[in-house]
Protein chains: 4
Amino acid sequence: MNFEYSNRSLELQAKLNAFIEEHIVPVEAAFYAFQQNPENLWKRWPKTEELKQKAKEAGLWNLFLPKEYGNLSPGLTNLEYAPLAEIMGKRIWISEIFNCSAPDTGNMEVLAKYGTEAQKQEWLQPLMNGDIRSAFLMTEPEVASSDATNIETSIVLDGDEYVINGRKWWSSGGMDSHCKVAIVMGKTNPEAHRHQQQSMILVPMNTPGLEIVRPLSVLGFYDSPEGHAEIQLNNVRVPKENLILGEGRGFEIAQGRLGPGRIHHCMRLVGMAQYALELMSQRTLERETFGKKFYEYSSIRQDIAQSQCEIEQARLLTLSAADKMDKQGNKEAKDLIAMIKIVAPNMALKVIDRAIQILGGKGVGPDTQLAHYYAIARMLRLADGPDEVHMYQLGKSLIRKYGKA
Amino acid sequence: MNFEYSNRSLELQAKLNAFIEEHIVPVEAAFYAFQQNPENLWKRWPKTEELKQKAKEAGLWNLFLPKEYGNLSPGLTNLEYAPLAEIMGKRIWISEIFNCSAPDTGNMEVLAKYGTEAQKQEWLQPLMNGDIRSAFLMTEPEVASSDATNIETSIVLDGDEYVINGRKWWSSGGMDSHCKVAIVMGKTNPEAHRHQQQSMILVPMNTPGLEIVRPLSVLGFYDSPEGHAEIQLNNVRVPKENLILGEGRGFEIAQGRLGPGRIHHCMRLVGMAQYALELMSQRTLERETFGKKFYEYSSIRQDIAQSQCEIEQARLLTLSAADKMDKQGNKEAKDLIAMIKIVAPNMALKVIDRAIQILGGKGVGPDTQLAHYYAIARMLRLADGPDEVHMYQLGKSLIRKYGKA
Amino acid sequence: MNFEYSNRSLELQAKLNAFIEEHIVPVEAAFYAFQQNPENLWKRWPKTEELKQKAKEAGLWNLFLPKEYGNLSPGLTNLEYAPLAEIMGKRIWISEIFNCSAPDTGNMEVLAKYGTEAQKQEWLQPLMNGDIRSAFLMTEPEVASSDATNIETSIVLDGDEYVINGRKWWSSGGMDSHCKVAIVMGKTNPEAHRHQQQSMILVPMNTPGLEIVRPLSVLGFYDSPEGHAEIQLNNVRVPKENLILGEGRGFEIAQGRLGPGRIHHCMRLVGMAQYALELMSQRTLERETFGKKFYEYSSIRQDIAQSQCEIEQARLLTLSAADKMDKQGNKEAKDLIAMIKIVAPNMALKVIDRAIQILGGKGVGPDTQLAHYYAIARMLRLADGPDEVHMYQLGKSLIRKYGKA
Amino acid sequence: MNFEYSNRSLELQAKLNAFIEEHIVPVEAAFYAFQQNPENLWKRWPKTEELKQKAKEAGLWNLFLPKEYGNLSPGLTNLEYAPLAEIMGKRIWISEIFNCSAPDTGNMEVLAKYGTEAQKQEWLQPLMNGDIRSAFLMTEPEVASSDATNIETSIVLDGDEYVINGRKWWSSGGMDSHCKVAIVMGKTNPEAHRHQQQSMILVPMNTPGLEIVRPLSVLGFYDSPEGHAEIQLNNVRVPKENLILGEGRGFEIAQGRLGPGRIHHCMRLVGMAQYALELMSQRTLERETFGKKFYEYSSIRQDIAQSQCEIEQARLLTLSAADKMDKQGNKEAKDLIAMIKIVAPNMALKVIDRAIQILGGKGVGPDTQLAHYYAIARMLRLADGPDEVHMYQLGKSLIRKYGKA
């Protein structure tokens, strides 16, 4: 056991923090003003590309992709990436600046892991370059998608093409004008065993028949410019070479994709909670009621102390899961990933909620990121599997482990 | 003790429900579509006035105003009004249809109770008619307004006019194009005892110097068309007759105003929670995961059972507080009002949160009112006094009561 | 709706309080000293019978039994009895003084409702007189008894006698030297429909074959002198006339028995929580840390305010359930009884836990009743059906009610 | 970062587990039977000394004492000791077998760190040998002892002796017949700065004037044979050489003593919670209600999954605090120790409570250690500083750290 960050990790943290101090802090107010203006809905912020270029030059680019995929990235371990993702989580919009934002990260890892050379050439390369963005089309409005075997979109081979029909929603990233390709999950083999019916396939966003129905708000937030789209697929035709890995492998890819994706979310959630903790700590020095400064109230100190206890525990659990993924692989780390996926969003919600309460009107309104982060954290109790599904599987696994004395 | 609604109450509930069935249900989808379209931000829905006219004709108008103010209203007791407000809470936008929406209700009660004849003529009458709307300007961005003695806006007599300077925010209703008048709280007597420094004054919204700075979002929602405004007051001049009740009486009016206002919110919150309970109950019959319908899962039944336990308790506490207000007055009911103000928003948040989780993507997104009600309930842990202030006062009062054995 | 106690109820409350002030308060320290001395384990306090006599003379006797059973009792409604049970709950040992203690109350009601004349003569009369006590033998160590159809004790007719074999535990009251009779639940008809297999039968405690195996502690408390017994039944033979109501009616009796029993527990739990609230309020005036009296700490005021909110809500829910039982019968009140059975023990645990924390060493130790009441409340999350079973049934019932919009 | 136990730690864990399997498991039923029999109150179990001897021979002795005190112990780091303490926590009574039980461990560390040679000779040696036991007399019934400066016992120099007067309670270990010495905290310098008034002094238990008033129960448990004593000190005279470290150094010693003591408790609490998790997991395979095995219920799986999440987080936080103590010292680790002291007892209470509920009557009663561990964990929300005091200090420290942006 050793609870200190490695030197490499500390160096990268310092470098990332310095970049933020130099390039992000001076412009972040401008970004938030742009983003909150209803007139800019679905527009990209003009300065984004410039900042991406600077990050790339600084070597702070594609940090998320583990070294097993060769020299496409700095090749960090999950454990090394975790504190960097946490730092990005404190200003979640900057994940894109470092080409580390969902759902692109998950999609890039899928392509890096399972893609053909042609698929890599066409889609992975521009994604790794930050030239385009992508979407992931899994969830459907008509079924409980938390059980992935429920997915009903059909993918039928017709000559040299697959024909796709179905309705998707919560397709994160789908509203972005830079979004050029989607990975779509659907059924190629409806008669196979329930874990072998699904496949994943690449669909360019401009394919005829793919229609964006509407953007969806999350607790009131549209998350522009990426957004969450509802998408209709009517006889969408793509070459059969667009299939990833093979027919009936969709469930397997989904499992592989979600491990790192889930833990990245958790790392960022720790960052969001840390942001909330710092904000509320600061507020206690500024405000006063009934003749006392906020920091004198024992109840406020309890809010802060409790928050730190919860944050630090979730941080350690995230790091521990990352370490296990690095050393024993995603499959062995399954239970730990489920644990952190249950813990982190709930932890963040509690901490952010306390910060909102201490900041009062400023907390519930648009002048901090608290309300937005609250919405993100709430979404993450559902996205990538609701708490209940993770607890159902984890409980089963634990009973198998401990149930025989 | 008798836990059944009176006949009069049951009749009014039936009448209100029938009105909703006949006039609201057929158009509510159209209303929500209008409201959610970003293009309609700050526009009023065209059908609103027509529905108000129908409600007036049906005698479902101004239900909130107690009988002590003569024949301005049907003259219901708080206890009789409670279940009606609960019904309105299930579709909170319809409160305006029955001229029962905040902050107008509180403002009308202030004018009915403390207004001069001229003030009543000019402002109470059109408000009671539903011809105009109003705002209440108390909270300020620069101080912890939960301690009302912190309010810093200055109101200075200058000849026959008061001159008002200050910054307000969370001025609910202030964005509505029908909003014609504001009640403003500020200091006329900065040297007096801290509970006698504040006054309330009527300010027409079109008075020079009153500038709407921006609308504020609540957890991402703008609550159009009423909205929550940030407002700058720069040398705003109004006739000295606009002062309500007298200099230094502002704190006293605030106390009187907030009792009924708080309990109305609580009644509506019970309705919102009930809406959430019904929605999640229905969902359990529709969805299925891992080979089981949702209603078969014991954890989902627990969510529903717990929700009902919490709703029913909060409902009884609300009714009990209303009954005490009716029989012994707002002052005697102070502790019970504090209790329900603490209980109801937290209860609603818990219940709505469970419903969001059970509905999944549909719950967190725009297709139900859950996300919006969540934001409203969250706001109400702060509005009209944060939980912490109510607990601080209630705790003190209870220690005085029970502390000597 | 009317949230004030009736005059009759207020009079009885005053009378009961006066009795306690005059006869109980002067001796309670002596009682607790006797009870806590390990040497007195399973001995009855010498003064008990004298106090029972006084209560009988004061007309404060058998208050629990509703009027439908004729002139065996004062004939109070459940709603009238509730505040009296709450008062007794504040000193739970005095329930016996007024012949209102479990499990006797439930057993008496069973006999009053379903007993033959001979059964009433032999057992109901001495129980109503307070001459003997009784036990209720339902729960078994070998099966999950929360599903009553699991009960496995066999009751087999052999000539004119029933022969009983089985193992029971948590037979409350079974350790008391005054305990003379048990109502035993077991299977007479193992082949019948699962709700018609069980019967109830009267078994004198001195019947050969009935052996007390050991007393069981509840979170460390033995609850002397009543206790909770583990009991072995080996070929226990009783006359066939001892069967109550008829073969296969046991489940039905259990359902009928548990309604009032559950609500009596809840009333007393409200009293225990109220006791805890008063104790912690007093403590805040006595103690000081870091230069501040306890009552000045906002966190302590929150504990007290929250406790009052929870107590008052549970009290109203209990009263509401009692009112529904009175007006519409136990069956119609089923959901409300389930709700209060879920709510009251959990509420009491939270409140008592806060009091323990505020009282510190005094709270966790033997110098108040807090630790004991904590154990009782914890037991009551299991006794008469665990929370989970009530939520499972209540959730099902609510889905049926609200699930079709 | 490295989340795997070191080889040395893994070896010791294996050795300890093997010892338990060989020597403890075969006799533990006998131990519990002895302990629960009221007739054995305050008697020591005859086999204890024999087991201690075996543990000593196996080198599993005095594991708690860090290496900085020379060759008195195996010299483990806190991080190495943690998993061993966790294993002992699963059967908490065996801590004594390995001479690792509170309050002796803390007392030994005080003597090792601050004792004179003579003090070490007389008291530390027999304690390290396991020949005697000890008590720690700090808490007082008349003041809020959570603020140590409140302690009022007086220690007055009179010639060559100190004369001690005061009342102590919660003197853990004080009832044990092997308890030969107490460390007593009291005021030598009532006029000094509040952190320099207190001293610590060694008092043989048989000193005239030291009277054991009574044993105190913790939530109903006496914790025989150690117990928790209330002790009267009337003109207790000891040689002035019995003072530890010097006059006015008591507060400083207390701070130093409590760091390791607190974390040892936390390690054991993790073990108790793990015991509860294993017990409830096993139970889910055995029991059945309403046609389903317990493990099929989603709510039960949630209980188990949540418990594991909480245990693993607390375990990591404990290890992280231990690591910081090892590397940077107790003072630098102050905030982390406060965090784990807040987290661990509350975590254990939640987990044990779920296990009690799932085990039902078996859980609340004497047939498992759950009820006892519940009482211990509850006590530890108060002992060594109540949650509220730790949060008050931790909150202050965090505001200082994060409060200036």
# chains A, B, ... in the order shown; residues from 1 in each chain; ligands from 1
>>> interface_residues(of="chain B", to="chain A", cutoff="6 Å", atoms="only C-alpha atoms", output="list in words")
Asp147, Ser217, Val218, Leu219, Gly220, Phe221, Thr289, Val364, Gly365, Pro366 and Ala371 of chain B
>>> residues_around(residues="Tyr275 of chain B", least_positions_apart="5", cutoff="12 Å", atoms="only C-alpha atoms", output="list in words")
Glu86, Ile87, Met88, Gly89, Lys90, Arg91, Ile92, Arg268, Leu269, Val270, Met280, Ser281, Gln282, Ser307, Gln308, Ile311, Ala348, Val351, Ile352, Ala355, Ile356, Thr368, Gln369, Leu370, Tyr373 and Tyr374 of chain B; Tyr402, Gly403 and Ala405 of chain C
>>> select_by_dssp(residues="segment 150-389 of chain A", states="helix (DSSP H, G or I)", output="PyMOL selection string")
chain A and resi 150+240-242+250-286+294-296+298-332+334-359+361-364+370-379+387-389
>>> select_by_dssp(residues="segment 164-322 of chain A", states="strand (DSSP E or B)", output="ChimeraX atom specification")
/A:164-172,179-187,198-204,210-215,218,221,228-239,243-244,288-289,292-293
>>> write_last_selection(atoms="C-alpha atoms", output="mmCIF file, in the first residue's frame")
data_model
loop_
_atom_site.group_PDB
_atom_site.id
_atom_site.type_symbol
_atom_site.label_atom_id
_atom_site.label_comp_id
_atom_site.auth_asym_id
_atom_site.auth_seq_id
_atom_site.Cartn_x
_atom_site.Cartn_y
_atom_site.Cartn_z
ATOM 1 C CA ILE A 164 -30.903 0.214 -39.586
ATOM 2 C CA ASN A 165 -34.317 1.076 -38.155
ATOM 3 C CA GLY A 166 -35.099 2.290 -34.663
ATOM 4 C CA ARG A 167 -35.477 5.153 -32.264
ATOM 5 C CA LYS A 168 -32.655 6.312 -29.964
ATOM 6 C CA TRP A 169 -32.481 8.994 -27.337
ATOM 7 C CA TRP A 170 -29.977 10.351 -24.854
ATOM 8 C CA SER A 171 -27.468 10.222 -27.707
ATOM 9 C CA SER A 172 -24.951 12.464 -26.005
ATOM 10 C CA CYS A 179 -20.348 15.388 -34.552
ATOM 11 C CA LYS A 180 -19.699 13.373 -37.699
ATOM 12 C CA VAL A 181 -20.178 9.754 -36.740
ATOM 13 C CA ALA A 182 -22.202 7.619 -34.384
ATOM 14 C CA ILE A 183 -21.676 4.164 -32.998
ATOM 15 C CA VAL A 184 -25.108 2.542 -33.053
ATOM 16 C CA MET A 185 -26.132 -0.512 -31.061
ATOM 17 C CA GLY A 186 -28.921 -2.705 -32.346
ATOM 18 C CA LYS A 187 -30.053 -6.241 -33.054
ATOM 19 C CA GLN A 198 -26.729 -7.142 -30.428
ATOM 20 C CA SER A 199 -24.105 -5.569 -32.680
ATOM 21 C CA MET A 200 -22.412 -2.175 -32.973
ATOM 22 C CA ILE A 201 -22.057 -0.335 -36.226
ATOM 23 C CA LEU A 202 -20.582 2.954 -37.435
ATOM 24 C CA VAL A 203 -23.058 5.397 -38.947
ATOM 25 C CA PRO A 204 -21.968 8.759 -40.378
ATOM 26 C CA LEU A 210 -30.803 9.489 -39.688
ATOM 27 C CA GLU A 211 -32.953 12.319 -38.389
ATOM 28 C CA ILE A 212 -32.400 14.363 -35.250
ATOM 29 C CA VAL A 213 -35.845 14.617 -33.674
ATOM 30 C CA ARG A 214 -35.073 17.020 -30.833
ATOM 31 C CA PRO A 215 -32.557 17.888 -28.167
ATOM 32 C CA VAL A 218 -31.272 17.178 -18.392
ATOM 33 C CA PHE A 221 -29.873 21.933 -19.018
ATOM 34 C CA HIS A 228 -28.359 14.912 -25.878
ATOM 35 C CA ALA A 229 -30.287 14.046 -28.993
ATOM 36 C CA GLU A 230 -33.348 12.008 -29.742
ATOM 37 C CA ILE A 231 -32.698 10.382 -33.107
ATOM 38 C CA GLN A 232 -34.897 8.509 -35.543
ATOM 39 C CA LEU A 233 -33.298 5.871 -37.787
ATOM 40 C CA ASN A 234 -35.437 5.131 -40.832
ATOM 41 C CA ASN A 235 -33.923 2.670 -43.302
ATOM 42 C CA VAL A 236 -30.480 4.027 -42.621
ATOM 43 C CA ARG A 237 -28.061 2.183 -44.947
ATOM 44 C CA VAL A 238 -24.331 1.807 -44.311
ATOM 45 C CA PRO A 239 -21.706 -0.455 -45.916
ATOM 46 C CA LEU A 243 -19.878 -3.269 -38.458
ATOM 47 C CA ILE A 244 -17.530 -3.358 -35.478
ATOM 48 C CA GLU A 288 -23.142 36.464 8.023
ATOM 49 C CA THR A 289 -26.564 35.941 9.632
ATOM 50 C CA LYS A 292 -22.444 35.269 13.223
ATOM 51 C CA LYS A 293 -20.236 34.526 10.244
#
>>> residues_around(residues="Gly115 of chain D", least_positions_apart="6", cutoff="10 Å", atoms="only C-alpha atoms", output="PyMOL selection string")
chain D and resi 108-109+121+123-124+242-245
>>> write_last_selection(atoms="C-alpha atoms", output="short mmCIF file (atom, residue, chain, number, x, y, z; two decimals), in the first residue's frame")
data_model
loop_
_atom_site.label_atom_id
_atom_site.label_comp_id
_atom_site.auth_asym_id
_atom_site.auth_seq_id
_atom_site.Cartn_x
_atom_site.Cartn_y
_atom_site.Cartn_z
CA MET D 108 1.15 1.22 26.82
CA GLU D 109 1.93 3.67 24.06
CA GLN D 121 9.62 -0.96 34.82
CA TRP D 123 3.76 -0.75 34.68
CA LEU D 124 4.75 -0.96 31.04
CA ASN D 242 3.66 8.86 39.29
CA LEU D 243 3.06 12.00 37.25
CA ILE D 244 3.58 11.44 33.55
CA LEU D 245 5.76 13.82 31.54
#
>>> residues_around(residues="segment 312-319 of chain A", least_positions_apart="3", cutoff="8 Å", atoms="only C-alpha atoms", output="PyMOL selection string")
(chain A and resi 79+82+263+266-267+270+308-309+322-323+336-337+340+343-344+347) or (chain D and resi 312-314+316-317)
>>> residues_around(residues="segment 47-60 of chain D", least_positions_apart="6", cutoff="10 Å", atoms="only C-alpha atoms", output="list in words")
Leu12, Lys15, Leu16, Phe19, Ile20, His23, Ile24, Val27, Ala30, Phe31, Ser73, Pro74, Leu84, Ile94, Ser95, Glu96, Ile97, Phe98, Asn99, Cys100, Asn129, Gly130 and Asp131 of chain D
>>> residues_around(residues="Leu65 of chain A", least_positions_apart="5", cutoff="10 Å", atoms="only C-alpha atoms", output="PDB file with N, CA and C atoms, in the first residue's frame")
ATOM      1  N   GLY A  70      -0.662   1.630 -28.063  1.00  0.00           N
ATOM      2  CA  GLY A  70       0.497   2.148 -28.780  1.00  0.00           C
ATOM      3  C   GLY A  70       0.679   3.633 -28.589  1.00  0.00           C
ATOM      4  N   ASN A  71       1.261   4.266 -29.597  1.00  0.00           N
ATOM      5  CA  ASN A  71       1.669   5.662 -29.417  1.00  0.00           C
ATOM      6  C   ASN A  71       0.623   6.679 -29.868  1.00  0.00           C
ATOM      7  N   LEU A  72      -0.639   6.265 -29.803  1.00  0.00           N
ATOM      8  CA  LEU A  72      -1.712   7.222 -30.107  1.00  0.00           C
ATOM      9  C   LEU A  72      -1.867   8.267 -29.014  1.00  0.00           C
ATOM     10  N   SER A  73      -1.296   8.013 -27.857  1.00  0.00           N
ATOM     11  CA  SER A  73      -1.524   8.875 -26.689  1.00  0.00           C
ATOM     12  C   SER A  73      -0.290   8.832 -25.798  1.00  0.00           C
ATOM     13  N   PRO A  74      -0.269   9.688 -24.762  1.00  0.00           N
ATOM     14  CA  PRO A  74       0.856   9.617 -23.806  1.00  0.00           C
ATOM     15  C   PRO A  74       0.927   8.270 -23.105  1.00  0.00           C
ATOM     16  N   GLY A  75      -0.141   7.491 -23.175  1.00  0.00           N
ATOM     17  CA  GLY A  75      -0.090   6.141 -22.620  1.00  0.00           C
ATOM     18  C   GLY A  75      -0.085   6.081 -21.108  1.00  0.00           C
ATOM     19  N   LEU A  76      -0.983   6.836 -20.511  1.00  0.00           N
ATOM     20  CA  LEU A  76      -1.081   6.804 -19.045  1.00  0.00           C
ATOM     21  C   LEU A  76      -1.846   5.566 -18.578  1.00  0.00           C
ATOM     22  N   THR A  77      -1.549   5.152 -17.358  1.00  0.00           N
ATOM     23  CA  THR A  77      -2.400   4.140 -16.732  1.00  0.00           C
ATOM     24  C   THR A  77      -3.680   4.828 -16.268  1.00  0.00           C
ATOM     25  N   ASN A  78      -4.675   4.024 -15.952  1.00  0.00           N
ATOM     26  CA  ASN A  78      -5.896   4.589 -15.381  1.00  0.00           C
ATOM     27  C   ASN A  78      -5.594   5.347 -14.088  1.00  0.00           C
ATOM     28  N   TYR A  81      -4.124   8.643 -14.937  1.00  0.00           N
ATOM     29  CA  TYR A  81      -5.090   9.538 -15.563  1.00  0.00           C
ATOM     30  C   TYR A  81      -6.097  10.104 -14.548  1.00  0.00           C
ATOM     31  N   CYS A 100     -10.554  14.921 -24.164  1.00  0.00           N
ATOM     32  CA  CYS A 100     -10.817  13.881 -23.165  1.00  0.00           C
ATOM     33  C   CYS A 100     -12.288  13.843 -22.768  1.00  0.00           C
ATOM     34  N   THR A 105     -14.280   9.736 -25.883  1.00  0.00           N
ATOM     35  CA  THR A 105     -13.253   8.882 -25.289  1.00  0.00           C
ATOM     36  C   THR A 105     -13.643   7.412 -25.406  1.00  0.00           C
ATOM     37  N   GLY A 106     -14.866   7.109 -25.037  1.00  0.00           N
ATOM     38  CA  GLY A 106     -15.334   5.726 -25.129  1.00  0.00           C
ATOM     39  C   GLY A 106     -15.328   5.232 -26.567  1.00  0.00           C
ATOM     40  N   MET A 108     -13.507   6.342 -29.063  1.00  0.00           N
ATOM     41  CA  MET A 108     -12.120   6.164 -29.529  1.00  0.00           C
ATOM     42  C   MET A 108     -11.545   4.860 -28.989  1.00  0.00           C
ATOM     43  N   GLU A 109     -11.818   4.569 -27.736  1.00  0.00           N
ATOM     44  CA  GLU A 109     -11.272   3.327 -27.185  1.00  0.00           C
ATOM     45  C   GLU A 109     -11.862   2.102 -27.889  1.00  0.00           C
ATOM     46  N   ALA A 112     -10.071   1.932 -31.200  1.00  0.00           N
ATOM     47  CA  ALA A 112      -8.679   1.540 -31.000  1.00  0.00           C
ATOM     48  C   ALA A 112      -8.576   0.053 -30.684  1.00  0.00           C
ATOM     49  N   MET A 128      -8.997  11.298 -32.776  1.00  0.00           N
ATOM     50  CA  MET A 128      -7.791  11.497 -31.971  1.00  0.00           C
ATOM     51  C   MET A 128      -7.192  12.885 -32.237  1.00  0.00           C
ATOM     52  N   PRO A 260     -13.978   1.713 -18.631  1.00  0.00           N
ATOM     53  CA  PRO A 260     -13.226   2.966 -18.559  1.00  0.00           C
ATOM     54  C   PRO A 260     -14.153   4.185 -18.561  1.00  0.00           C
TER      55      PRO A 260
END
>>> atom_distance(atom1="atom CA of Met138 of chain A", atom2="atom CA of Glu296 of chain B")
25.5 Å
>>> atom_distance(atom1="atom CA of Leu380 of chain A", atom2="atom CA of Lys324 of chain A")
22.2 Å
